[in-house]
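Asks: Input file: start.csv. Contents: CSV, C-alpha atoms and all ligand atoms.
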chain,number,residue,atom,x,y,z
A,579,MET,CA,-47.4,9.7,33.0
A,580,LEU,CA,-44.1,9.4,34.9
A,581,PRO,CA,-43.0,5.9,34.1
A,582,TYR,CA,-41.7,3.4,36.8
A,583,GLY,CA,-38.6,2.8,34.7
A,584,ARG,CA,-37.1,4.0,31.5
A,585,GLN,CA,-33.8,4.2,29.5
A,586,SER,CA,-31.2,6.9,29.7
A,587,ILE,CA,-29.8,7.7,26.3
A,588,ASP,CA,-27.2,10.4,25.9
A,589,PRO,CA,-25.1,11.7,22.9
A,590,SER,CA,-22.4,9.1,23.4
A,591,ASP,CA,-25.0,6.4,23.0
A,592,VAL,CA,-26.4,8.0,19.8
A,593,ALA,CA,-22.9,8.4,18.3
A,594,ALA,CA,-22.0,4.8,19.0
A,595,VAL,CA,-25.1,3.5,17.1
A,596,VAL,CA,-24.6,5.9,14.2
A,597,ALA,CA,-21.0,4.8,13.9
A,598,ALA,CA,-22.1,1.1,13.8
A,599,LEU,CA,-24.8,1.9,11.1
A,600,GLY,CA,-22.1,3.3,8.9
A,601,SER,CA,-19.8,0.3,9.3
A,602,ASP,CA,-19.5,-2.9,7.2
A,603,TRP,CA,-21.5,-4.9,9.7
A,604,LEU,CA,-25.1,-4.6,11.0
A,605,THR,CA,-25.2,-8.1,12.6
A,606,THR,CA,-22.3,-10.3,13.7
A,607,GLY,CA,-19.3,-8.0,13.4
A,608,PRO,CA,-16.6,-6.7,15.8
A,609,ARG,CA,-19.0,-4.9,18.1
A,610,VAL,CA,-20.5,-8.2,19.3
A,611,ALA,CA,-17.1,-9.5,20.6
A,612,GLN,CA,-16.3,-6.0,22.0
A,613,PHE,CA,-19.6,-5.8,23.9
A,614,GLU,CA,-19.0,-9.4,25.2
A,615,ALA,CA,-15.6,-8.3,26.5
A,616,ASP,CA,-17.0,-5.1,28.0
A,617,LEU,CA,-19.6,-7.1,29.8
A,618,GLU,CA,-17.0,-9.5,31.2
A,619,ALA,CA,-15.3,-6.5,32.8
A,620,VAL,CA,-18.5,-6.0,34.9
A,621,THR,CA,-19.8,-9.5,35.4
A,622,GLY,CA,-16.4,-11.1,36.1
A,623,ALA,CA,-17.1,-14.0,33.8
A,624,PRO,CA,-17.0,-14.5,30.0
A,625,CYS,CA,-20.3,-13.6,28.3
A,626,VAL,CA,-22.4,-14.4,25.2
A,627,ALA,CA,-24.7,-11.6,23.9
A,628,VAL,CA,-28.2,-12.8,23.0
A,629,SER,CA,-31.4,-11.2,21.7
A,630,ASN,CA,-33.1,-10.5,25.1
A,631,GLY,CA,-33.4,-11.7,28.7
A,632,SER,CA,-36.0,-14.3,27.9
A,633,THR,CA,-33.9,-15.9,25.2
A,634,ALA,CA,-30.9,-15.6,27.6
A,635,LEU,CA,-32.8,-17.9,30.1
A,636,HIS,CA,-33.8,-20.3,27.3
A,637,THR,CA,-30.2,-20.4,26.2
A,638,ALA,CA,-28.9,-21.0,29.8
A,639,TYR,CA,-31.3,-23.9,30.3
A,640,ALA,CA,-30.2,-25.4,27.0
A,641,ALA,CA,-26.5,-24.9,27.9
A,642,ALA,CA,-27.2,-26.7,31.2
A,643,GLY,CA,-28.6,-29.6,29.3
A,644,ILE,CA,-32.1,-29.3,30.8
A,645,GLY,CA,-34.7,-31.5,29.1
A,646,PRO,CA,-37.8,-33.7,29.6
A,647,GLY,CA,-37.9,-35.5,33.0
A,648,ASP,CA,-35.7,-32.9,34.7
A,649,GLU,CA,-36.9,-30.7,37.5
A,650,VAL,CA,-35.9,-27.0,37.8
A,651,ILE,CA,-36.4,-25.3,41.2
A,652,THR,CA,-37.1,-21.6,40.9
A,653,THR,CA,-38.9,-18.6,42.6
A,654,PRO,CA,-42.4,-17.5,41.8
A,655,MET,CA,-41.5,-13.8,42.5
A,656,THR,CA,-40.2,-13.1,39.0
A,657,PHE,CA,-41.1,-12.4,35.4
A,658,VAL,CA,-42.6,-15.5,33.8
A,659,ALA,CA,-39.5,-16.2,31.5
A,660,THR,CA,-37.4,-17.4,34.5
A,661,ALA,CA,-39.8,-20.4,34.6
A,662,SER,CA,-41.0,-20.7,31.1
A,663,GLY,CA,-37.5,-21.0,29.6
A,664,ALA,CA,-37.2,-24.3,31.5
A,665,CYS,CA,-40.7,-25.4,30.4
A,666,LEU,CA,-39.8,-24.7,26.8
A,667,ARG,CA,-37.0,-27.3,27.2
A,668,GLY,CA,-39.6,-29.8,28.4
A,669,ALA,CA,-38.6,-29.7,32.1
A,670,THR,CA,-40.9,-29.5,35.1
A,671,VAL,CA,-40.7,-26.4,37.2
A,672,VAL,CA,-40.9,-26.6,41.0
A,673,PHE,CA,-41.6,-23.4,42.8
A,674,ALA,CA,-39.9,-22.7,46.1
A,675,ASP,CA,-41.0,-19.9,48.3
A,676,VAL,CA,-39.1,-16.6,48.9
A,677,GLU,CA,-37.7,-14.8,51.9
A,678,ASP,CA,-39.9,-12.1,53.5
A,679,ASP,CA,-37.3,-9.3,53.5
A,680,THR,CA,-35.7,-9.6,50.0
A,681,ALA,CA,-38.4,-11.6,48.1
A,682,ASN,CA,-35.4,-13.8,46.9
A,683,LEU,CA,-35.5,-17.6,46.7
A,684,ASP,CA,-35.4,-19.1,50.3
A,685,PRO,CA,-32.5,-21.6,50.5
A,686,ALA,CA,-34.5,-23.7,53.0
A,687,ALA,CA,-37.5,-23.9,50.7
A,688,VAL,CA,-35.1,-24.9,47.9
A,689,GLU,CA,-33.6,-27.6,50.1
A,690,ALA,CA,-37.0,-29.0,50.8
A,691,ALA,CA,-37.9,-29.1,47.1
A,692,VAL,CA,-34.9,-31.1,46.0
A,693,THR,CA,-35.6,-34.5,44.5
A,694,PRO,CA,-33.5,-37.1,42.6
A,695,ARG,CA,-34.7,-35.4,39.4
A,696,THR,CA,-33.5,-31.9,40.3
A,697,ARG,CA,-31.2,-30.7,37.6
A,698,ALA,CA,-31.1,-26.9,38.1
A,699,VAL,CA,-31.8,-24.2,40.7
A,700,ALA,CA,-32.7,-20.8,39.2
A,701,ALA,CA,-32.5,-17.8,41.5
A,702,VAL,CA,-33.5,-14.2,40.8
A,703,ASP,CA,-31.8,-11.1,42.2
A,704,TYR,CA,-35.1,-9.4,42.9
A,705,ALA,CA,-34.9,-5.6,42.5
A,706,GLY,CA,-31.1,-5.9,42.1
A,707,HIS,CA,-30.5,-7.4,45.5
A,708,PRO,CA,-28.4,-10.6,45.1
A,709,ALA,CA,-29.9,-13.9,46.1
A,710,GLU,CA,-28.2,-16.0,48.8
A,711,TYR,CA,-25.7,-17.6,46.4
A,712,ASP,CA,-23.4,-19.2,49.0
A,713,ALA,CA,-26.3,-21.2,50.5
A,714,LEU,CA,-27.9,-22.0,47.1
A,715,ARG,CA,-24.5,-23.1,45.8
A,716,LYS,CA,-24.1,-25.7,48.6
A,717,ILE,CA,-27.6,-27.0,48.0
A,718,SER,CA,-27.3,-27.2,44.2
A,719,GLU,CA,-23.9,-28.9,44.5
A,720,ARG,CA,-25.2,-31.5,46.9
A,721,ALA,CA,-28.1,-32.1,44.5
A,722,GLY,CA,-25.8,-32.4,41.4
A,723,ALA,CA,-27.8,-29.5,39.9
A,724,VAL,CA,-26.6,-26.5,37.9
A,725,LEU,CA,-27.0,-23.1,39.6
A,726,ILE,CA,-28.5,-20.4,37.4
A,727,GLY,CA,-28.9,-16.7,38.3
A,728,ASP,CA,-31.5,-14.6,36.5
A,729,ALA,CA,-29.7,-11.2,37.0
A,730,ALA,CA,-32.1,-9.2,34.7
A,731,HIS,CA,-32.2,-6.7,37.6
A,732,ALA,CA,-28.7,-7.0,38.9
A,733,ILE,CA,-25.9,-6.2,36.5
A,734,GLY,CA,-23.3,-4.4,38.5
A,735,SER,CA,-24.5,-5.8,41.9
A,736,THR,CA,-22.0,-7.5,44.2
A,737,TYR,CA,-22.3,-10.1,46.9
A,738,HIS,CA,-19.6,-10.3,49.6
A,739,GLY,CA,-17.3,-8.5,47.2
A,740,ARG,CA,-17.9,-10.8,44.2
A,741,PRO,CA,-19.8,-9.5,41.2
A,742,VAL,CA,-23.1,-11.0,40.1
A,743,GLY,CA,-22.0,-13.1,37.1
A,744,THR,CA,-19.4,-15.1,39.1
A,745,LEU,CA,-21.8,-16.5,41.7
A,746,ALA,CA,-23.8,-19.0,39.6
A,747,ASP,CA,-22.8,-21.6,36.9
A,748,LEU,CA,-24.8,-19.5,34.4
A,749,THR,CA,-26.0,-15.9,34.9
A,750,THR,CA,-28.5,-14.2,32.6
A,751,TYR,CA,-29.1,-10.5,31.9
A,752,SER,CA,-31.7,-8.4,30.2
A,753,PHE,CA,-31.1,-5.1,28.4
A,754,PHE,CA,-34.8,-4.1,28.0
A,755,PRO,CA,-35.3,-0.3,28.3
A,756,THR,CA,-36.7,-0.4,31.9
A,757,LYS,CA,-33.6,-2.4,33.1
A,758,ASN,CA,-30.3,-1.1,34.4
A,759,LEU,CA,-28.8,-0.5,30.9
A,760,THR,CA,-30.4,-1.0,27.5
A,761,THR,CA,-29.7,-2.2,24.0
A,762,GLY,CA,-33.4,-1.8,23.1
A,763,GLU,CA,-34.0,-5.5,23.1
A,764,GLY,CA,-31.0,-7.5,24.3
A,765,GLY,CA,-29.5,-9.9,26.9
A,766,ALA,CA,-26.5,-12.0,27.8
A,767,VAL,CA,-25.4,-15.2,29.4
A,768,ALA,CA,-22.3,-15.3,31.6
A,769,SER,CA,-20.5,-18.3,32.8
A,770,PRO,CA,-17.2,-19.0,34.5
A,771,ARG,CA,-17.4,-22.6,33.1
A,772,PRO,CA,-16.0,-22.7,29.5
A,773,ASP,CA,-18.0,-25.9,28.7
A,774,LEU,CA,-21.3,-24.2,29.6
A,775,LEU,CA,-20.5,-20.9,27.8
A,776,ASP,CA,-19.5,-22.8,24.7
A,777,ARG,CA,-22.8,-24.6,24.6
A,778,ALA,CA,-24.6,-21.3,25.2
A,779,ARG,CA,-22.8,-19.8,22.2
A,780,THR,CA,-23.6,-22.7,20.0
A,781,PHE,CA,-27.3,-22.7,21.0
A,782,ARG,CA,-27.4,-18.9,20.3
A,783,THR,CA,-26.1,-19.5,16.8
A,784,VAL,CA,-28.7,-22.1,15.6
A,785,GLY,CA,-26.4,-24.9,16.9
A,786,LEU,CA,-23.9,-24.4,14.2
A,787,VAL,CA,-20.4,-25.9,14.8
A,788,ARG,CA,-17.5,-24.5,12.8
A,789,ASP,CA,-14.4,-25.4,14.9
A,790,PRO,CA,-12.5,-28.0,12.7
A,791,ALA,CA,-11.6,-30.0,15.8
A,792,ARG,CA,-15.3,-30.6,16.6
A,793,LEU,CA,-16.6,-31.4,13.1
A,794,ARG,CA,-17.8,-35.0,12.4
A,795,TYR,CA,-16.8,-34.5,8.7
A,796,PRO,CA,-13.7,-32.3,8.8
A,797,ASP,CA,-12.7,-32.9,5.2
A,798,GLU,CA,-15.9,-31.7,3.5
A,799,GLY,CA,-14.5,-28.3,2.5
A,800,ALA,CA,-13.8,-24.9,3.9
A,801,TRP,CA,-17.5,-23.9,3.6
A,802,HIS,CA,-18.6,-26.8,5.9
A,803,GLN,CA,-20.4,-26.4,9.2
A,804,GLU,CA,-22.5,-28.8,11.1
A,805,VAL,CA,-25.4,-28.9,13.6
A,806,HIS,CA,-25.0,-31.5,16.4
A,807,GLU,CA,-27.8,-30.2,18.6
A,808,PHE,CA,-30.7,-27.9,17.8
A,809,GLY,CA,-30.3,-24.3,18.5
A,810,LEU,CA,-32.0,-21.0,17.6
A,811,ASN,CA,-30.9,-17.7,16.1
A,812,TYR,CA,-30.8,-15.6,19.3
A,813,ARG,CA,-28.0,-13.3,18.1
A,814,LEU,CA,-27.8,-9.7,19.2
A,815,PRO,CA,-26.9,-7.4,16.2
A,816,ASP,CA,-23.7,-5.3,16.0
A,817,VAL,CA,-25.7,-2.1,16.0
A,818,LEU,CA,-27.3,-2.9,19.4
A,819,CYS,CA,-24.0,-4.2,20.8
A,820,ALA,CA,-22.6,-0.7,20.0
A,821,LEU,CA,-25.3,0.8,22.2
A,822,GLY,CA,-24.6,-1.8,24.9
A,823,SER,CA,-20.8,-0.9,25.0
A,824,ALA,CA,-21.7,2.8,25.2
A,825,GLN,CA,-24.2,2.2,28.0
A,826,LEU,CA,-21.6,0.1,29.9
A,827,ARG,CA,-19.3,3.0,30.0
A,828,ARG,CA,-22.0,4.9,31.9
A,829,LEU,CA,-22.9,2.0,34.3
A,830,ALA,CA,-21.0,3.3,37.3
A,831,GLY,CA,-22.9,6.6,37.0
A,832,PHE,CA,-26.2,4.7,36.6
A,833,LYS,CA,-25.5,2.8,39.8
A,834,ARG,CA,-24.6,5.9,41.7
A,835,ARG,CA,-27.8,7.7,40.7
A,836,ARG,CA,-30.0,4.7,41.5
A,837,ALA,CA,-28.3,4.5,45.0
A,838,GLU,CA,-28.9,8.2,45.5
A,839,LEU,CA,-32.6,8.0,44.6
A,840,THR,CA,-32.9,4.9,46.9
A,841,VAL,CA,-31.4,6.7,49.9
A,842,ARG,CA,-33.7,9.7,49.1
A,843,TYR,CA,-36.8,7.5,49.0
A,844,ASP,CA,-35.7,5.8,52.3
A,845,ALA,CA,-35.4,9.2,54.0
A,846,LEU,CA,-38.5,10.8,52.6
A,847,LEU,CA,-40.8,7.8,53.2
A,848,GLY,CA,-39.3,6.6,56.5
A,849,ASP,CA,-42.0,8.1,58.7
A,850,LEU,CA,-45.0,7.1,56.6
A,851,PRO,CA,-47.5,4.7,58.3
A,852,GLY,CA,-49.0,1.8,56.3
A,853,LEU,CA,-45.8,1.3,54.4
A,854,ARG,CA,-42.8,-1.1,54.5
A,855,LEU,CA,-39.6,0.0,52.7
A,856,PRO,CA,-37.1,-2.3,51.0
A,857,THR,CA,-34.1,-3.5,53.0
A,858,GLN,CA,-30.6,-4.5,52.3
A,859,ARG,CA,-28.7,-7.4,53.8
A,860,GLU,CA,-25.1,-7.3,55.1
A,861,GLY,CA,-22.4,-7.8,52.5
A,862,VAL,CA,-24.3,-6.9,49.4
A,863,ASP,CA,-23.9,-3.8,47.2
A,864,PRO,CA,-26.9,-3.9,44.9
A,865,MET,CA,-27.5,-2.1,41.7
A,866,ARG,CA,-31.0,-0.7,42.6
A,867,HIS,CA,-33.2,-1.7,39.7
A,868,LEU,CA,-36.6,-1.3,41.5
A,869,TYR,CA,-37.8,0.5,44.6
A,870,PRO,CA,-40.3,-2.0,45.8
A,871,VAL,CA,-42.4,-0.8,48.8
A,872,ARG,CA,-45.1,-2.8,50.5
A,873,ILE,CA,-48.5,-1.2,51.0
A,874,LEU,CA,-50.1,-2.6,54.2
A,875,ASP,CA,-53.7,-2.8,55.4
A,876,GLY,CA,-55.0,-4.2,52.1
A,877,ARG,CA,-54.7,-0.9,50.3
A,878,ARG,CA,-52.3,-1.8,47.5
A,879,ARG,CA,-55.0,-1.9,44.7
A,880,GLU,CA,-56.4,1.5,45.9
A,881,VAL,CA,-52.9,3.1,46.1
A,882,PHE,CA,-51.9,1.7,42.7
A,883,ASP,CA,-55.1,3.1,41.1
A,884,ARG,CA,-54.8,6.5,42.8
A,885,MET,CA,-51.1,6.9,42.0
A,886,ARG,CA,-51.8,6.1,38.3
A,887,ALA,CA,-54.7,8.5,38.3
A,888,ALA,CA,-52.2,11.1,39.7
A,889,GLY,CA,-50.0,10.5,36.6
A,890,ILE,CA,-47.4,8.4,38.4
A,891,GLY,CA,-46.7,5.1,36.6
A,892,VAL,CA,-46.3,2.7,39.5
A,893,GLN,CA,-46.0,-1.0,38.7
A,894,VAL,CA,-46.5,-4.3,40.4
A,895,ASN,CA,-43.6,-6.8,40.2
A,896,TYR,CA,-44.8,-9.6,40.0
A,897,ILE,CA,-47.8,-11.8,40.2
A,898,PRO,CA,-46.6,-15.2,41.4
A,899,VAL,CA,-45.5,-17.0,38.2
A,900,TYR,CA,-47.7,-20.0,38.9
A,901,TRP,CA,-50.8,-17.8,38.9
A,902,HIS,CA,-50.4,-17.4,35.1
A,903,PRO,CA,-53.1,-19.5,33.4
A,904,VAL,CA,-50.5,-21.6,31.6
A,905,PHE,CA,-49.3,-22.9,34.9
A,906,GLU,CA,-52.8,-23.1,36.4
A,907,ASP,CA,-53.8,-25.3,33.4
A,908,LEU,CA,-50.8,-27.6,34.2
A,909,GLY,CA,-52.2,-28.1,37.7
A,910,TYR,CA,-50.3,-25.5,39.8
A,911,ARG,CA,-52.5,-24.1,42.5
A,912,ARG,CA,-52.6,-20.9,44.5
A,913,GLY,CA,-51.4,-21.1,48.1
A,914,MET,CA,-48.2,-23.0,47.2
A,915,CYS,CA,-45.8,-20.2,48.2
A,916,PRO,CA,-47.6,-18.1,50.9
A,917,VAL,CA,-44.7,-15.7,51.5
A,918,ALA,CA,-44.5,-14.8,47.8
A,919,GLU,CA,-48.3,-14.4,47.7
A,920,THR,CA,-48.4,-12.1,50.7
A,921,PHE,CA,-45.5,-10.1,49.1
A,922,TYR,CA,-47.4,-9.8,45.8
A,923,ALA,CA,-50.5,-8.7,47.6
A,924,GLU,CA,-48.7,-5.7,49.1
A,925,GLN,CA,-46.0,-4.9,46.5
A,926,LEU,CA,-45.7,-1.6,44.6
A,927,SER,CA,-42.7,-0.4,42.6
A,928,LEU,CA,-42.2,3.4,42.7
A,929,PRO,CA,-40.6,5.2,39.8
A,930,LEU,CA,-36.8,4.6,39.8
A,931,PHE,CA,-34.6,5.4,36.8
A,932,VAL,CA,-31.4,7.3,36.2
A,933,ASP,CA,-33.0,10.5,34.7
A,934,LEU,CA,-35.7,10.7,37.4
A,935,THR,CA,-35.2,14.2,38.9
A,936,ASP,CA,-35.3,15.0,42.6
A,937,ALA,CA,-38.4,17.2,41.8
A,938,ASP,CA,-40.1,14.2,40.1
A,939,GLN,CA,-39.3,12.0,43.1
A,940,ASP,CA,-40.7,14.6,45.5
A,941,ARG,CA,-43.9,14.5,43.5
A,942,VAL,CA,-44.1,10.7,43.9
A,943,VAL,CA,-43.5,11.0,47.6
A,944,GLU,CA,-46.1,13.8,48.0
A,945,ALA,CA,-48.8,11.8,46.1
A,946,LEU,CA,-48.1,8.7,48.2
A,947,ARG,CA,-48.2,10.7,51.4
A,948,GLN,CA,-51.5,12.2,50.5
A,949,ILE,CA,-53.1,8.8,49.6
A,950,LEU,CA,-51.8,7.0,52.7
A,951,GLY,CA,-52.8,9.9,54.9
A,952,SER,CA,-56.4,9.9,53.7
B,1001,LIG,C1,-37.0,-8.4,32.2
B,1001,LIG,C2,-36.8,-9.8,32.8
B,1001,LIG,C3,-36.7,-10.9,32.1
B,1001,LIG,C4,-36.8,-11.0,30.6
B,1001,LIG,O1,-36.1,-10.1,29.9
B,1001,LIG,P1,-36.5,-9.6,28.5
B,1001,LIG,O2,-35.3,-8.9,27.9
B,1001,LIG,O3,-37.7,-8.6,28.7
B,1001,LIG,O4,-36.9,-10.8,27.6
B,1001,LIG,C5,-36.4,-12.1,32.8
B,1001,LIG,N1,-36.4,-12.1,34.1
B,1001,LIG,C6,-36.5,-11.0,34.9
B,1001,LIG,C7,-36.4,-11.2,36.4
B,1001,LIG,C8,-36.8,-9.8,34.3
B,1001,LIG,O5,-37.0,-8.7,35.0
Could you render the structure from this file as structure tokens?
Ligand SMILES: *Cc1c(COP(=O)(O)O)cnc(C)c1O
Replies:
Amino acid sequence: MLPYGRQSIDPSDVAAVVAALGSDWLTTGPRVAQFEADLEAVTGAPCVAVSNGSTALHTAYAAAGIGPGDEVITTPMTFVATASGACLRGATVVFADVEDDTANLDPAAVEAAVTPRTRAVAAVDYAGHPAEYDALRKISERAGAVLIGDAAHAIGSTYHGRPVGTLADLTTYSFFPTKNLTTGEGGAVASPRPDLLDRARTFRTVGLVRDPARLRYPDEGAWHQEVHEFGLNYRLPDVLCALGSAQLRRLAGFKRRRAELTVRYDALLGDLPGLRLPTQREGVDPMRHLYPVRILDGRRREVFDRMRAAGIGVQVNYIPVYWHPVFEDLGYRRGMCPVAETFYAEQLSLPLFVDLTDADQDRVVEALRQILGS
């Protein structure tokens, strides 16, 4: 089965991991700080490495001080962790609808969802296409809310010349193998605000405080450390950070190949009836994580099943988050975000990854052409 996404590992990645394994550190050693510095060169903001993209979101909500009684406005067109990270902090999630072209959070819908309890707005850069951060920034500032960007799809994307990572108060990343670069499991939180990044770092390390200036009992002894707020062990080990730094050195090449494959899909599928292709707004330069087409005429399920039967691992990204039974059981009802629900009903992700060959891509196009033509 041709997958819809997969990692690209070359000898430089293997050598980096082997070198880390032979060093004095397996977990928090020099490669963590190095990976965080390498990430900052891409994201434009200081970073904290964490264990995965879901814990990155949990960490971001903790850093933002999100808790019971707070409302977090987010998109339903995402992986569940964008919302569940806020729920795990005891907050209430409010879903705002998406825009029809990008499937990104609609600023007008966010505006309409703001209440006096709104404490955060969490956008997603769906498929790698940045959300409308300038508009979202204005709304969140007026609401006194923290702006969070779930950039699990979008490391390396830019928006009006500015990198994803500098656009929100907190930006989260995932380095799962299907994403734009991998550390196996892994993630990061970026923030241009030192106070927020500091809280993220402390939460990621079980809440432990070691800085003498911050200790309540500074004279206890050199061994002393304190917990002031609860945190978790969400550290990313040295060995995986070594892989992350090696992957980052290849990121520009990853972006180039993903763009090339996107242009090729656009050209090869442009004349196919019953299909809507992804678009790109003015002023953005996306890292293309997904190639999300829309299958019209109610044929998505059929096309999905027939592509899979042909050995092509298409995927659907995503069911609207509030359709998950955990949200249904909390009283969320279908029909809340009609644009997202229509998008979901038609959405299909075609294979897109760095080592996808032109010949593989031709096979995907041919299979789709045959199914849609019959
Ligand atoms: C993958 C993903 C996550 C979660 O990342 P993991 O590393 O798998 O925990 C969160 N949000 C979005 C949009 C994702 O695609």
Asks: So, counting only C-alpha atoms, which residue among A:Leu930, A:Ala824, A:Ala594, A:Leu774 is closest to Ala642 in chain A?
Replies: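 Of A:Leu930, A:Ala824, A:Ala594, A:Leu774, the one nearest Ala642 in chain A, counting only C-alpha atoms, is A:Leu774.
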Asks: What's the 12 Å shell around Ser823 in chain A, counting all atoms listed in the file, without same-chain residues fewer than 2 positions away, as a ChimeraX atom specification?
Replies: /A:590-595,598,608-620,627,753,759-761,816-821,825-829
Asks: Could you report the residues within 7 Å of ligand LIG 1001 (chain B), using all atoms listed in the file, as a list of chain:residue names?
Replies: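 What falls inside 7 Å of ligand LIG 1001 (chain B) is A:Asn630, A:Gly631, A:Ser632, A:Thr633, A:Thr656, A:Phe657, A:Ala659, A:Thr660, A:Val702, A:Tyr704, A:Asp728, A:Ala729, A:Ala730, A:His731, A:Ser752, A:Phe753, A:Phe754, A:Lys757, A:Glu763, A:Gly764, A:Gly765.
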Asks: Using only C-alpha atoms, give me every residue within 8 Å of (-20.8, -10.4, 38.1) in file coordinates, as a PyMOL selection string.
Replies: chain A and resi 618+620-623+733-736+740-745
Asks: Restricting the calculation to all atoms listed in the file, which member of A:Pro898, A:Pro916, A:Asp789, A:Ala638 is positioned closest to Trp801 in chain A?
Replies: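 Closest residue, counting all atoms listed in the file: A:Asp789.
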Asks: Here is a test: counting all atoms listed in the file, which residue of A:Asp907, A:Asp703, A:Glu807, A:Glu860 is nearest to Asn682 in chain A?
Replies: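 Going through A:Asp907, A:Asp703, A:Glu807, A:Glu860 one by one, the smallest distance to Asn682 in chain A is for A:Asp703.
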Asks: Around all the atoms of range 845-864 of chain A listed in the file, with 3 Å of room on each side, what axis-aligned box do you get, giving centre and edge lengths in Å to one decimal, as lines of an AutoDock Vina configuration file?
Replies:
center_x = -35.7
center_y = 1.5
center_z = 51.8
size_x = 32.6
size_y = 24.6
size_z = 19.8
Asks: Counting all atoms listed in the file, which residue out of A:Ser952, A:Ser718, A:Thr670, A:Thr749 sits closest to Thr637 in chain A?
Replies: A:Thr749
Asks: Which residue, A:Ile949, A:Leu853, A:Ala698, A:Pro685, has the smallest gap to Lys716 in chain A when you use all atoms listed in the file?
Replies: A:Pro685
Asks: I'd like the neighbourhood of Asp675 in chain A as number ranges by chain, where a residue qualifies if any of its atoms comes within 7 Å (using all atoms listed in the file), though same-chain residues fewer than 3 positions away should be ignored.
Replies: A: 653, 683-684, 687, 915, 917-918
Asks: Pick the closest to Arg720 in chain A from A:Gly951, A:Gly762, A:Gly583, A:Pro694: which is it, counting all atoms listed in the file?
Replies: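 With all atoms listed in the file as the atom set, the closest residue is A:Pro694.
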Asks: If I take CA of Gly861 in chain A and CA of Val650 in chain A, how far is one from the other in Å, to one decimal?
Replies: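 Taking CA of Gly861 in chain A and CA of Val650 in chain A, their separation equals 27.7 Å.
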Asks: When you draw a straight line from CA of Pro755 in chain A to CA of Asp933 in chain A, how long is it in Å?
Replies: 12.8 Å
Asks: Could you rebuild range 937-949 of chain A with N, CA and C atoms and give it back as a PDB file, in the frame of the given file?
Replies:
ATOM      1  N   ALA A 937     -37.073  16.543  41.814  1.00  0.00           N
ATOM      2  CA  ALA A 937     -38.400  17.200  41.800  1.00  0.00           C
ATOM      3  C   ALA A 937     -39.481  16.123  41.473  1.00  0.00           C
ATOM      4  N   ASP A 938     -39.191  15.271  40.467  1.00  0.00           N
ATOM      5  CA  ASP A 938     -40.100  14.200  40.100  1.00  0.00           C
ATOM      6  C   ASP A 938     -40.324  13.266  41.322  1.00  0.00           C
ATOM      7  N   GLN A 939     -39.208  12.959  41.973  1.00  0.00           N
ATOM      8  CA  GLN A 939     -39.300  12.000  43.100  1.00  0.00           C
ATOM      9  C   GLN A 939     -40.082  12.663  44.253  1.00  0.00           C
ATOM     10  N   ASP A 940     -39.899  13.959  44.463  1.00  0.00           N
ATOM     11  CA  ASP A 940     -40.700  14.600  45.500  1.00  0.00           C
ATOM     12  C   ASP A 940     -42.181  14.544  45.190  1.00  0.00           C
ATOM     13  N   ARG A 941     -42.524  14.632  43.899  1.00  0.00           N
ATOM     14  CA  ARG A 941     -43.900  14.500  43.500  1.00  0.00           C
ATOM     15  C   ARG A 941     -44.484  13.136  43.791  1.00  0.00           C
ATOM     16  N   VAL A 942     -43.681  12.111  43.560  1.00  0.00           N
ATOM     17  CA  VAL A 942     -44.100  10.700  43.900  1.00  0.00           C
ATOM     18  C   VAL A 942     -44.365  10.603  45.367  1.00  0.00           C
ATOM     19  N   VAL A 943     -43.426  11.119  46.171  1.00  0.00           N
ATOM     20  CA  VAL A 943     -43.500  11.000  47.600  1.00  0.00           C
ATOM     21  C   VAL A 943     -44.760  11.763  48.130  1.00  0.00           C
ATOM     22  N   GLU A 944     -44.976  12.952  47.576  1.00  0.00           N
ATOM     23  CA  GLU A 944     -46.100  13.800  48.000  1.00  0.00           C
ATOM     24  C   GLU A 944     -47.440  13.062  47.695  1.00  0.00           C
ATOM     25  N   ALA A 945     -47.539  12.494  46.497  1.00  0.00           N
ATOM     26  CA  ALA A 945     -48.800  11.800  46.100  1.00  0.00           C
ATOM     27  C   ALA A 945     -49.012  10.594  47.030  1.00  0.00           C
ATOM     28  N   LEU A 946     -47.965   9.852  47.341  1.00  0.00           N
ATOM     29  CA  LEU A 946     -48.100   8.700  48.200  1.00  0.00           C
ATOM     30  C   LEU A 946     -48.500   9.103  49.614  1.00  0.00           C
ATOM     31  N   ARG A 947     -47.881  10.179  50.093  1.00  0.00           N
ATOM     32  CA  ARG A 947     -48.200  10.700  51.400  1.00  0.00           C
ATOM     33  C   ARG A 947     -49.644  11.110  51.534  1.00  0.00           C
ATOM     34  N   GLN A 948     -50.140  11.754  50.490  1.00  0.00           N
ATOM     35  CA  GLN A 948     -51.500  12.200  50.500  1.00  0.00           C
ATOM     36  C   GLN A 948     -52.492  11.009  50.506  1.00  0.00           C
ATOM     37  N   ILE A 949     -52.189   9.987  49.691  1.00  0.00           N
ATOM     38  CA  ILE A 949     -53.100   8.800  49.600  1.00  0.00           C
ATOM     39  C   ILE A 949     -53.083   8.039  50.899  1.00  0.00           C
TER      40      ILE A 949
END
